[in-house]
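Chemist: query15.cif is reproduced below (mmCIF, C-alpha atoms and all ligand atoms).
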```cif
data_model
loop_
_atom_site.label_atom_id
_atom_site.label_comp_id
_atom_site.auth_asym_id
_atom_site.auth_seq_id
_atom_site.Cartn_x
_atom_site.Cartn_y
_atom_site.Cartn_z
CA MET A 313 -55.96 -117.52 69.87
CA ARG A 314 -55.76 -114.26 71.82
CA ILE A 315 -55.53 -114.37 75.58
CA MET A 316 -56.72 -111.93 78.22
CA LEU A 317 -55.01 -112.03 81.60
CA ILE A 318 -57.08 -110.46 84.34
CA GLU A 319 -54.97 -110.14 87.47
CA ASP A 320 -54.81 -107.34 90.06
CA SER A 321 -51.44 -108.35 91.50
CA ALA A 322 -48.73 -106.63 89.48
CA LEU A 323 -46.26 -109.33 90.47
CA ASP A 324 -48.45 -112.18 89.20
CA ARG A 325 -49.34 -110.20 86.09
CA ARG A 326 -45.68 -109.77 85.21
CA ARG A 327 -44.79 -113.36 86.03
CA ILE A 328 -47.61 -114.96 84.00
CA GLY A 329 -47.10 -112.39 81.24
CA ARG A 330 -43.46 -113.45 80.99
CA PHE A 331 -44.45 -117.08 80.45
CA LEU A 332 -47.01 -116.17 77.79
CA LYS A 333 -44.43 -114.08 75.98
CA GLN A 334 -41.90 -116.90 76.21
CA TRP A 335 -44.39 -119.21 74.48
CA SER A 336 -45.10 -116.53 71.82
CA LEU A 337 -48.74 -116.24 72.86
CA GLU A 338 -50.54 -113.01 72.09
CA TYR A 339 -52.11 -111.54 75.22
CA VAL A 340 -53.49 -108.44 76.82
CA ALA A 341 -53.21 -107.86 80.59
CA VAL A 342 -55.93 -106.10 82.57
CA GLU A 343 -55.88 -105.33 86.27
CA ASN A 344 -59.55 -105.13 87.21
CA GLY A 345 -62.89 -106.72 86.38
CA ALA A 346 -64.59 -103.60 85.05
CA ASP A 347 -61.91 -102.94 82.41
CA ALA A 348 -61.93 -106.62 81.47
CA TRP A 349 -65.70 -106.61 81.07
CA SER A 350 -65.73 -103.64 78.72
CA LEU A 351 -62.95 -105.19 76.58
CA LEU A 352 -64.72 -108.57 76.51
CA GLN A 353 -67.82 -107.02 75.00
CA SER A 354 -65.98 -105.69 71.95
CA PRO A 355 -66.31 -107.66 68.70
CA ASP A 356 -62.63 -108.67 68.63
CA ALA A 357 -62.54 -109.82 72.27
CA PRO A 358 -59.90 -112.42 73.23
CA SER A 359 -61.08 -116.02 73.07
CA LEU A 360 -59.29 -117.32 76.16
CA VAL A 361 -59.39 -115.66 79.55
CA LEU A 362 -57.05 -116.29 82.49
CA LEU A 363 -59.07 -114.91 85.33
CA ASP A 364 -58.02 -114.16 88.89
CA TRP A 365 -60.74 -115.02 91.42
CA MET A 366 -60.07 -112.13 93.83
CA LEU A 367 -60.33 -108.79 92.08
CA PRO A 368 -61.32 -105.34 93.33
CA GLY A 369 -64.89 -104.45 92.36
CA LEU A 370 -66.18 -106.97 89.84
CA ASP A 371 -64.69 -110.29 91.03
CA GLY A 372 -63.69 -113.34 89.00
CA ILE A 373 -66.86 -115.31 89.69
CA GLU A 374 -69.17 -112.48 88.66
CA LEU A 375 -67.06 -111.87 85.54
CA CYS A 376 -67.29 -115.57 84.72
CA ARG A 377 -71.10 -115.40 84.90
CA ARG A 378 -71.14 -112.37 82.65
CA ILE A 379 -68.79 -113.99 80.12
CA ARG A 380 -71.27 -116.84 79.76
CA THR A 381 -74.02 -114.40 78.78
CA LEU A 382 -71.81 -113.32 75.84
CA GLY A 383 -71.85 -116.75 74.24
CA ALA A 384 -75.15 -116.13 72.43
CA ASN A 385 -73.56 -114.80 69.23
CA GLY A 386 -71.60 -118.01 68.80
CA THR A 387 -68.08 -117.09 69.81
CA TYR A 388 -67.07 -119.06 72.86
CA ILE A 389 -64.75 -117.59 75.48
CA TYR A 390 -62.74 -120.26 77.25
CA THR A 391 -62.22 -119.30 80.89
CA VAL A 392 -59.53 -120.50 83.30
CA MET A 393 -59.84 -119.36 86.93
CA LEU A 394 -56.61 -118.56 88.77
CA THR A 395 -56.77 -118.59 92.52
CA ALA A 396 -55.09 -119.44 95.76
CA LYS A 397 -58.27 -121.15 96.88
CA ASP A 398 -57.93 -124.87 96.52
CA LYS A 399 -60.87 -126.30 98.39
CA LYS A 400 -63.18 -128.52 96.39
CA GLN A 401 -66.20 -126.31 97.08
CA ASP A 402 -64.43 -123.37 95.42
CA LEU A 403 -63.78 -125.40 92.33
CA LEU A 404 -67.48 -126.21 92.12
CA THR A 405 -68.40 -122.54 92.55
CA ALA A 406 -66.06 -121.55 89.72
CA MET A 407 -67.36 -124.27 87.38
CA ALA A 408 -70.98 -123.43 88.23
CA ALA A 409 -70.29 -119.80 87.37
CA GLY A 410 -69.13 -120.93 83.94
CA ALA A 411 -65.35 -121.47 84.27
CA ASP A 412 -63.92 -124.16 82.00
CA ASP A 413 -60.82 -124.84 84.06
CA TYR A 414 -59.09 -123.94 87.29
CA LEU A 415 -55.46 -123.35 88.27
CA SER A 416 -54.13 -122.92 91.78
CA LYS A 417 -51.64 -120.22 92.67
CA PRO A 418 -48.72 -120.04 92.70
CA ILE A 419 -49.06 -120.89 89.03
CA ASP A 420 -46.85 -123.72 87.83
CA PRO A 421 -45.69 -122.81 84.30
CA SER A 422 -45.84 -126.31 82.84
CA GLU A 423 -49.34 -126.78 84.22
CA LEU A 424 -50.40 -123.40 82.82
CA ARG A 425 -49.00 -124.34 79.42
CA ALA A 426 -50.84 -127.66 79.42
CA ARG A 427 -54.15 -126.00 80.35
CA LEU A 428 -53.68 -123.41 77.61
CA MET A 429 -53.16 -126.20 75.09
CA VAL A 430 -56.41 -127.84 76.18
CA GLY A 431 -58.18 -124.50 75.84
CA LYS A 432 -56.78 -123.98 72.36
CA ARG A 433 -57.93 -127.44 71.31
CA ILE A 434 -61.47 -126.74 72.51
CA LEU A 435 -61.53 -123.33 70.83
CA ASP A 436 -60.23 -124.71 67.52
CA LEU A 437 -62.86 -127.43 67.62
CA GLN A 438 -65.59 -124.94 68.46
CA GLN A 439 -64.49 -122.70 65.59
CA ALA A 440 -64.46 -125.58 63.12
CA LEU A 441 -67.94 -126.68 64.22
CA ARG A 442 -69.25 -123.17 64.00
CA PHE A 443 -67.81 -122.73 60.51
CA ALA A 444 -69.40 -125.98 59.37
CA ALA A 445 -72.76 -124.95 60.82
CA THR A 446 -72.79 -121.54 59.13
CA HIS A 447 -71.06 -122.17 55.80
CA ASP A 448 -71.88 -124.09 52.68
CA PHE A 449 -69.60 -127.09 52.30
CA LEU A 450 -69.08 -126.81 48.51
CA THR A 451 -68.55 -123.08 48.07
CA THR A 452 -67.56 -122.09 51.64
CA LEU A 453 -69.92 -119.11 51.32
CA PHE A 454 -72.48 -118.57 54.11
CA ASN A 455 -75.13 -121.27 53.97
CA ARG A 456 -78.82 -120.60 53.55
CA SER A 457 -79.71 -120.25 57.21
CA GLU A 458 -76.73 -117.99 57.93
CA ILE A 459 -77.36 -115.61 55.01
CA LEU A 460 -81.03 -115.46 56.01
CA ALA A 461 -80.02 -114.64 59.59
CA SER A 462 -77.76 -111.91 58.18
CA LEU A 463 -80.64 -110.62 56.07
CA LYS A 464 -82.81 -110.37 59.15
CA ARG A 465 -80.07 -108.50 61.03
CA GLU A 466 -79.32 -106.12 58.17
CA VAL A 467 -82.97 -105.32 57.54
CA ALA A 468 -83.49 -104.55 61.23
CA ARG A 469 -80.41 -102.35 61.21
CA SER A 470 -81.43 -100.52 58.06
CA ALA A 471 -84.84 -99.77 59.63
CA ARG A 472 -83.15 -98.50 62.79
CA GLU A 473 -80.68 -96.31 60.91
CA ASN A 474 -83.15 -95.38 58.21
CA LYS A 475 -80.78 -96.53 55.46
CA PRO A 476 -81.60 -98.99 52.70
CA THR A 477 -80.11 -102.48 52.46
CA ALA A 478 -79.97 -103.95 48.97
CA ILE A 479 -80.89 -107.57 48.38
CA ILE A 480 -79.67 -109.30 45.23
CA LEU A 481 -80.86 -112.74 44.24
CA ALA A 482 -78.57 -114.28 41.62
CA ASP A 483 -79.36 -117.46 39.68
CA LEU A 484 -77.08 -119.18 37.18
CA ASP A 485 -78.53 -119.43 33.69
CA HIS A 486 -79.28 -122.86 32.25
CA PHE A 487 -77.13 -124.46 34.90
CA LYS A 488 -78.87 -127.78 34.48
CA LEU A 489 -77.37 -128.00 30.98
CA ILE A 490 -73.85 -128.02 32.50
CA ASN A 491 -74.76 -130.93 34.76
CA ASP A 492 -76.50 -132.75 31.93
CA SER A 493 -73.73 -132.33 29.40
CA LEU A 494 -70.57 -132.48 31.55
CA GLY A 495 -71.72 -134.18 34.73
CA HIS A 496 -72.41 -133.15 38.30
CA ALA A 497 -68.71 -132.78 39.20
CA ALA A 498 -68.28 -130.16 36.48
CA GLY A 499 -71.38 -128.40 37.82
CA ASP A 500 -69.82 -128.40 41.29
CA ALA A 501 -66.56 -126.92 39.94
CA VAL A 502 -68.55 -124.16 38.24
CA LEU A 503 -70.46 -123.38 41.44
CA LYS A 504 -67.19 -123.10 43.36
CA GLU A 505 -65.67 -120.72 40.83
CA VAL A 506 -68.82 -118.59 40.61
CA ALA A 507 -68.82 -118.31 44.41
CA GLN A 508 -65.19 -117.18 44.26
CA ARG A 509 -66.02 -114.55 41.63
CA LEU A 510 -68.98 -113.25 43.65
CA ARG A 511 -66.84 -113.02 46.76
CA SER A 512 -63.98 -111.28 44.96
CA ASP A 513 -66.15 -108.36 43.87
CA LEU A 514 -67.70 -107.60 47.26
CA ARG A 515 -66.64 -105.04 49.85
CA THR A 516 -65.79 -106.13 53.34
CA TYR A 517 -69.19 -105.25 54.81
CA ASP A 518 -71.18 -106.83 51.96
CA LEU A 519 -72.41 -110.38 52.47
CA VAL A 520 -72.97 -113.33 50.17
CA GLY A 521 -74.41 -116.77 50.76
CA ARG A 522 -75.56 -119.82 48.87
CA TYR A 523 -79.33 -119.49 48.98
CA GLY A 524 -80.10 -122.71 47.13
CA GLY A 525 -78.59 -125.08 44.54
CA GLU A 526 -77.38 -122.54 41.96
CA GLU A 527 -78.84 -119.46 43.62
CA PHE A 528 -76.91 -116.91 45.63
CA LEU A 529 -78.10 -114.13 47.91
CA LEU A 530 -76.06 -110.94 48.19
CA LEU A 531 -76.65 -108.21 50.77
CA LEU A 532 -75.29 -104.71 50.33
CA PRO A 533 -75.83 -102.65 53.48
CA ASN A 534 -76.47 -98.94 53.09
CA CYS A 535 -77.01 -99.20 49.33
CA ASP A 536 -79.97 -97.80 47.38
CA LEU A 537 -81.76 -99.46 44.47
CA ILE A 538 -79.98 -97.56 41.70
CA THR A 539 -76.50 -98.14 43.13
CA ALA A 540 -77.31 -101.78 43.92
CA SER A 541 -78.54 -102.38 40.37
CA ARG A 542 -75.30 -100.99 38.98
CA ARG A 543 -73.23 -103.06 41.39
CA ALA A 544 -75.25 -106.15 40.49
CA ASP A 545 -74.59 -105.50 36.83
CA GLU A 546 -70.84 -105.22 37.49
CA ILE A 547 -70.92 -108.51 39.37
CA ARG A 548 -73.00 -110.12 36.62
CA SER A 549 -70.48 -108.99 34.04
CA LEU A 550 -67.54 -110.23 36.14
CA VAL A 551 -69.12 -113.68 36.55
CA SER A 552 -69.60 -114.09 32.79
CA LYS A 553 -66.42 -112.33 31.61
CA ASN A 554 -64.25 -115.43 31.27
CA ALA A 555 -65.42 -118.98 30.70
CA ILE A 556 -64.78 -121.19 33.72
CA VAL A 557 -61.95 -123.64 33.25
CA THR A 558 -62.75 -127.05 34.72
CA THR A 559 -60.96 -130.36 34.23
CA PHE A 560 -63.87 -131.35 32.01
CA ALA A 561 -64.18 -128.37 29.68
CA LYS A 562 -64.13 -124.60 29.48
CA VAL A 563 -67.63 -123.60 30.52
CA PRO A 564 -69.17 -120.25 29.62
CA VAL A 565 -71.40 -119.09 32.46
CA THR A 566 -73.95 -116.31 32.80
CA VAL A 567 -76.11 -115.23 35.71
CA SER A 568 -79.44 -113.43 36.07
CA MET A 569 -80.19 -111.17 39.01
CA GLY A 570 -83.15 -109.63 40.79
CA VAL A 571 -82.60 -106.62 43.04
CA THR A 572 -84.70 -104.98 45.72
CA VAL A 573 -84.09 -102.82 48.78
CA SER A 574 -85.44 -102.76 52.30
CA GLY A 575 -86.53 -99.49 53.84
CA CYS A 576 -88.56 -98.06 50.93
CA THR A 577 -91.87 -99.45 52.14
CA ARG A 578 -92.47 -99.77 55.89
CA GLY A 579 -93.42 -103.05 57.48
CA LEU A 580 -92.07 -105.40 54.82
CA THR A 581 -91.08 -108.81 56.18
CA ILE A 582 -87.98 -110.76 55.13
CA GLU A 583 -90.31 -113.01 53.15
CA ASP A 584 -91.80 -109.97 51.33
CA LEU A 585 -88.32 -108.77 50.37
CA LEU A 586 -87.22 -112.19 49.14
CA GLN A 587 -90.44 -112.40 47.16
CA GLN A 588 -89.66 -109.03 45.56
CA ALA A 589 -86.11 -110.09 44.66
CA ASP A 590 -87.47 -113.34 43.25
CA GLU A 591 -90.03 -111.50 41.17
CA ALA A 592 -87.34 -109.23 39.76
CA LEU A 593 -85.19 -112.29 39.05
CA TYR A 594 -88.10 -113.86 37.21
CA HIS A 595 -88.27 -110.78 34.99
CA ALA A 596 -84.53 -111.02 34.30
CA LYS A 597 -85.03 -114.63 33.19
CA GLN A 598 -88.01 -113.60 31.07
CA ASN A 599 -85.94 -110.88 29.51
CA GLY A 600 -83.50 -113.40 28.05
CA ARG A 601 -81.23 -114.05 31.07
CA ASN A 602 -77.69 -112.67 31.69
CA CYS A 603 -79.15 -109.40 32.95
CA VAL A 604 -80.26 -107.53 36.10
CA ARG A 605 -83.78 -106.41 36.94
CA ALA A 606 -84.85 -104.24 39.88
CA PHE A 607 -88.12 -104.67 41.69
CA CYS A 608 -90.60 -101.84 41.25
CA GLU A 609 -93.81 -101.35 43.24
CA THR A 610 -95.67 -100.61 40.02
CA GLY A 611 -94.79 -104.01 38.66
CA THR A 612 -92.48 -102.85 35.89
CA ASN A 613 -88.95 -104.02 36.36
CA ALA A 614 -86.08 -102.09 34.93
CA GLY A 615 -82.46 -102.95 34.32
CA PRO A 616 -79.63 -100.65 35.38
CA ASN A 617 -79.72 -98.75 32.07
CA HIS A 618 -83.27 -97.62 32.71
CA LEU A 619 -82.40 -96.38 36.16
CA ARG A 620 -79.59 -94.06 35.23
P1 LIG B 701 -82.58 -121.16 34.61
O1 LIG B 701 -81.75 -120.38 33.67
O2 LIG B 701 -84.03 -121.03 34.35
O3 LIG B 701 -82.26 -120.85 36.03
O4 LIG B 701 -82.23 -122.70 34.35
P2 LIG B 701 -81.41 -123.68 35.26
O5 LIG B 701 -81.07 -124.89 34.47
O6 LIG B 701 -80.25 -122.96 35.87
O7 LIG B 701 -82.43 -123.96 36.44
P3 LIG B 701 -83.04 -125.29 37.00
O8 LIG B 701 -83.76 -124.89 38.25
O9 LIG B 701 -83.83 -126.00 35.95
O10 LIG B 701 -81.82 -126.21 37.36
C1 LIG B 701 -80.98 -125.97 38.43
C2 LIG B 701 -80.04 -127.14 38.52
O11 LIG B 701 -79.05 -126.97 39.53
C3 LIG B 701 -80.76 -128.43 38.86
C4 LIG B 701 -79.90 -129.07 39.93
O12 LIG B 701 -79.63 -130.41 39.66
C5 LIG B 701 -78.64 -128.27 39.91
N1 LIG B 701 -77.96 -128.22 41.19
C6 LIG B 701 -78.45 -127.79 42.38
N2 LIG B 701 -77.51 -127.93 43.36
C7 LIG B 701 -76.41 -128.43 42.77
C8 LIG B 701 -75.10 -128.77 43.25
O13 LIG B 701 -74.77 -128.65 44.44
N3 LIG B 701 -74.20 -129.27 42.36
C9 LIG B 701 -74.54 -129.43 41.04
N4 LIG B 701 -73.61 -129.90 40.23
N5 LIG B 701 -75.75 -129.13 40.57
C10 LIG B 701 -76.68 -128.63 41.41
MG MG B 702 -56.30 -110.98 93.01
MG MG B 703 -82.62 -121.75 40.30
MG MG B 704 -80.67 -121.35 37.19
#
```
Could you express the structure from this file as structure tokens?
Modeler:
Amino acid sequence: MRIMLIEDSALDRRRIGRFLKQWSLEYVAVENGADAWSLLQSPDAPSLVLLDWMLPGLDGIELCRRIRTLGANGTYIYTVMLTAKDKKQDLLTAMAAGADDYLSKPIDPSELRARLMVGKRILDLQQALRFAATHDFLTTLFNRSEILASLKREVARSARENKPTAIILADLDHFKLINDSLGHAAGDAVLKEVAQRLRSDLRTYDLVGRYGGEEFLLLLPNCDLITASRRADEIRSLVSKNAIVTTFAKVPVTVSMGVTVSGCTRGLTIEDLLQQADEALYHAKQNGRNCVRAFCETGTNAGPNHLR
């Protein structure tokens, strides 16, 4: 948990800062609302804000309202108002503006510490709920709805920046046989390990999610069809390189992949692109599995060797 202290009084800033340091809490101190607002809009903004009510320019209440408009992307900012005001009406104003809690000045350190603990509990809970809502329970990859949301975002961005985004649909070969011969638990162990292998070969800005039972969707931003086909083939080879060791048996695993890119043809929907990747995947399966096929407008699908 990172804290932002927004306080125009240098004395209060130092005093509260001293407490936070004493408790080994990471914090950044800001002395006015405008600076705070620009910091809060950055992707790595602090998750808990200690906010003075009276500030020059943008005051605490207005800042509180603005912080609440940031919540849309899922990261909650827990807000504690600090103020000398102690009338009940003020408390209501602060809460209505979006504050989660309220502390009267002069700040009592043990009270501050207790409120921070409550905030941390709420933030931890919120983070756990958010993770559960966006990730697949078995593999801990992004779940279907989250990877589809990412696809939508990446495709919009690639159109804006006029750069391709590669879409790879990967499907385990004859996975049903593993379930049938070794049982569902062995199948689950294989899915977990495959997910780990997929994740291990990706770059930080690439994305991977569990699209369906034994199907995975990979997104490579700013990657053209030829490069994506090669990358897919590397990933395919990594997945199948070593048999997967489960408590039931050593299981050889292969994967087939279909690749397409956004940005080649204008006006393609997410559904069109998924359809293209699926078509290419179908060709990979038809071709004997354990291979990569790229979608082509003409209907012929080529593996990475043909694209070189
Ligand atoms: P193909 O090479 O054509 O893709 O064959 P396949 O056997 O992989 O494909 P099919 O669609 O026939 O079977 C997929 C199987 O994946 C069927 C389903 O029971 C299994 N499956 C889906 N989700 C899970 C899961 O969470 N755990 C386990 N163990 N199996 C799952
Ligand atoms: Mg003040
Ligand atoms: Mg399948
Ligand atoms: Mg399959």
Chemist: Within 6 Å of ligand MG 704 (chain B), which residues show up when you count all atoms listed in the file? List them as number ranges by chain, please.
Modeler: A: 483-487, 526
Chemist: Set the cut-off to 12 Å, count only C-alpha atoms and all ligand atoms, and list whatever residues fall near ligand MG 703 (chain B) as a list in words.
Modeler: Leu481, Ala482, Asp483, Leu484, Asp485, His486, Phe487, Lys488, Arg522, Tyr523, Gly524, Gly525, Glu526, Glu527, Phe528, Leu529, Val567, Ser568, Met569, Asp590, Leu593, Tyr594 and Lys597 of chain A
Chemist: Smallest atom-to-atom distance to Glu374 (chain A): which of A:Pro355, A:Gly410, A:Gly521, A:Gly499, using all atoms listed in the file?
Modeler: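 Using all atoms listed in the file, the shortest distance to Glu374 (chain A) belongs to A:Gly410.
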Chemist: Choose the residue, out of A:Pro358, A:Gly575, A:Pro476, A:Gly570, that has the smallest atom-to-atom separation from Ala592 (chain A); count all atoms listed in the file.
Modeler: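 Comparing A:Pro358, A:Gly575, A:Pro476, A:Gly570 against Ala592 (chain A), the winner is A:Gly570.
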Chemist: Box in all listed atoms of ligand LIG 701 (chain B), axis-aligned, with 6 Å more on each side; write out centre and edge lengths in Å to one decimal as JSON.
Modeler:
```
{"center_x": -78.8, "center_y": -125.4, "center_z": 39.1, "size_x": 22.4, "size_y": 22.0, "size_z": 22.8}
```
Chemist: Pick out the residues no farther than 9 Å from ligand MG 702 (chain B), counting only C-alpha atoms and all ligand atoms, and list them as number ranges by chain.
Modeler: A: 318-321, 324, 343-344, 364-368, 371-372, 394-396
Chemist: Print the selection's residues with C-alpha atoms to a file, as a PDB file, in the coordinates of the input.
Modeler:
```pdb
ATOM      1  CA  ILE A 318     -57.080-110.460  84.340  1.00  0.00           C
ATOM      2  CA  GLU A 319     -54.970-110.140  87.470  1.00  0.00           C
ATOM      3  CA  ASP A 320     -54.810-107.340  90.060  1.00  0.00           C
ATOM      4  CA  SER A 321     -51.440-108.350  91.500  1.00  0.00           C
ATOM      5  CA  ASP A 324     -48.450-112.180  89.200  1.00  0.00           C
ATOM      6  CA  GLU A 343     -55.880-105.330  86.270  1.00  0.00           C
ATOM      7  CA  ASN A 344     -59.550-105.130  87.210  1.00  0.00           C
ATOM      8  CA  ASP A 364     -58.020-114.160  88.890  1.00  0.00           C
ATOM      9  CA  TRP A 365     -60.740-115.020  91.420  1.00  0.00           C
ATOM     10  CA  MET A 366     -60.070-112.130  93.830  1.00  0.00           C
ATOM     11  CA  LEU A 367     -60.330-108.790  92.080  1.00  0.00           C
ATOM     12  CA  PRO A 368     -61.320-105.340  93.330  1.00  0.00           C
ATOM     13  CA  ASP A 371     -64.690-110.290  91.030  1.00  0.00           C
ATOM     14  CA  GLY A 372     -63.690-113.340  89.000  1.00  0.00           C
ATOM     15  CA  LEU A 394     -56.610-118.560  88.770  1.00  0.00           C
ATOM     16  CA  THR A 395     -56.770-118.590  92.520  1.00  0.00           C
ATOM     17  CA  ALA A 396     -55.090-119.440  95.760  1.00  0.00           C
TER      18      ALA A 396
END
```
Chemist: Using atom O5 of ligand LIG 701 (chain B) and CA of Leu519 (chain A) as the two end points, give the distance in Å to one decimal.
Modeler: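 Going from atom O5 of ligand LIG 701 (chain B) over to CA of Leu519 (chain A) covers 24.7 Å.
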Chemist: Hey, which of A:Ser336, A:Thr451, A:Thr539, A:Gln353 ends up closest to Thr381 (chain A)? Count all atoms listed in the file.
Modeler: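 Smallest separation from Thr381 (chain A) among the options: A:Gln353.
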Chemist: Could you please determine the separation between CA of Ala540 (chain A) and CA of Ile459 (chain A) in Å, to one decimal place?
Modeler: 17.7 Å
Chemist: One decimal, in Å: what's the spacing between CA of Ala357 (chain A) and CA of Arg469 (chain A)?
Modeler: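 According to the coordinates, CA of Ala357 (chain A) and CA of Arg469 (chain A) are separated by 22.3 Å.
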Chemist: Here's a test: counting only C-alpha atoms, identify every protein, DNA and RNA residue with an atom at most 8 Å from (-74.0, -122.7, 54.2) in the file's coordinate frame, and state them as a ChimeraX atom specification.
Modeler: /A:444-449,452-459,521-522
Chemist: Taking all atoms listed in the file into account, name the residue in A:Arg605, A:Arg548, A:Lys464, A:Arg377 that is nearest to Thr405 (chain A).
Modeler: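 Looking only at the distances to Thr405 (chain A), the closest residue turns out to be A:Arg377.
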Chemist: Between A:Val430, A:Val551, A:Ile556, A:Ala501, which one has atoms that come closest to ligand LIG 701 (chain B), using only C-alpha atoms and all ligand atoms?
Modeler: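 Closest residue, counting only C-alpha atoms and all ligand atoms: A:Ala501.
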Chemist: Using all atoms listed in the file, pick whichever of A:Arg515, A:Arg543, A:Lys397, A:Lys504 has the shortest atom-to-atom distance to ligand LIG 701 (chain B).
Modeler: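 Among the listed residues, A:Lys504 lies closest to ligand LIG 701 (chain B).
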Chemist: Which residues are close to Val563 (chain A), i.e. within 8 Å by only C-alpha atoms, leaving aside same-chain residues fewer than 4 positions away? Reply as a VMD selection string.
Modeler: chain A and resid 490 502 555 to 558
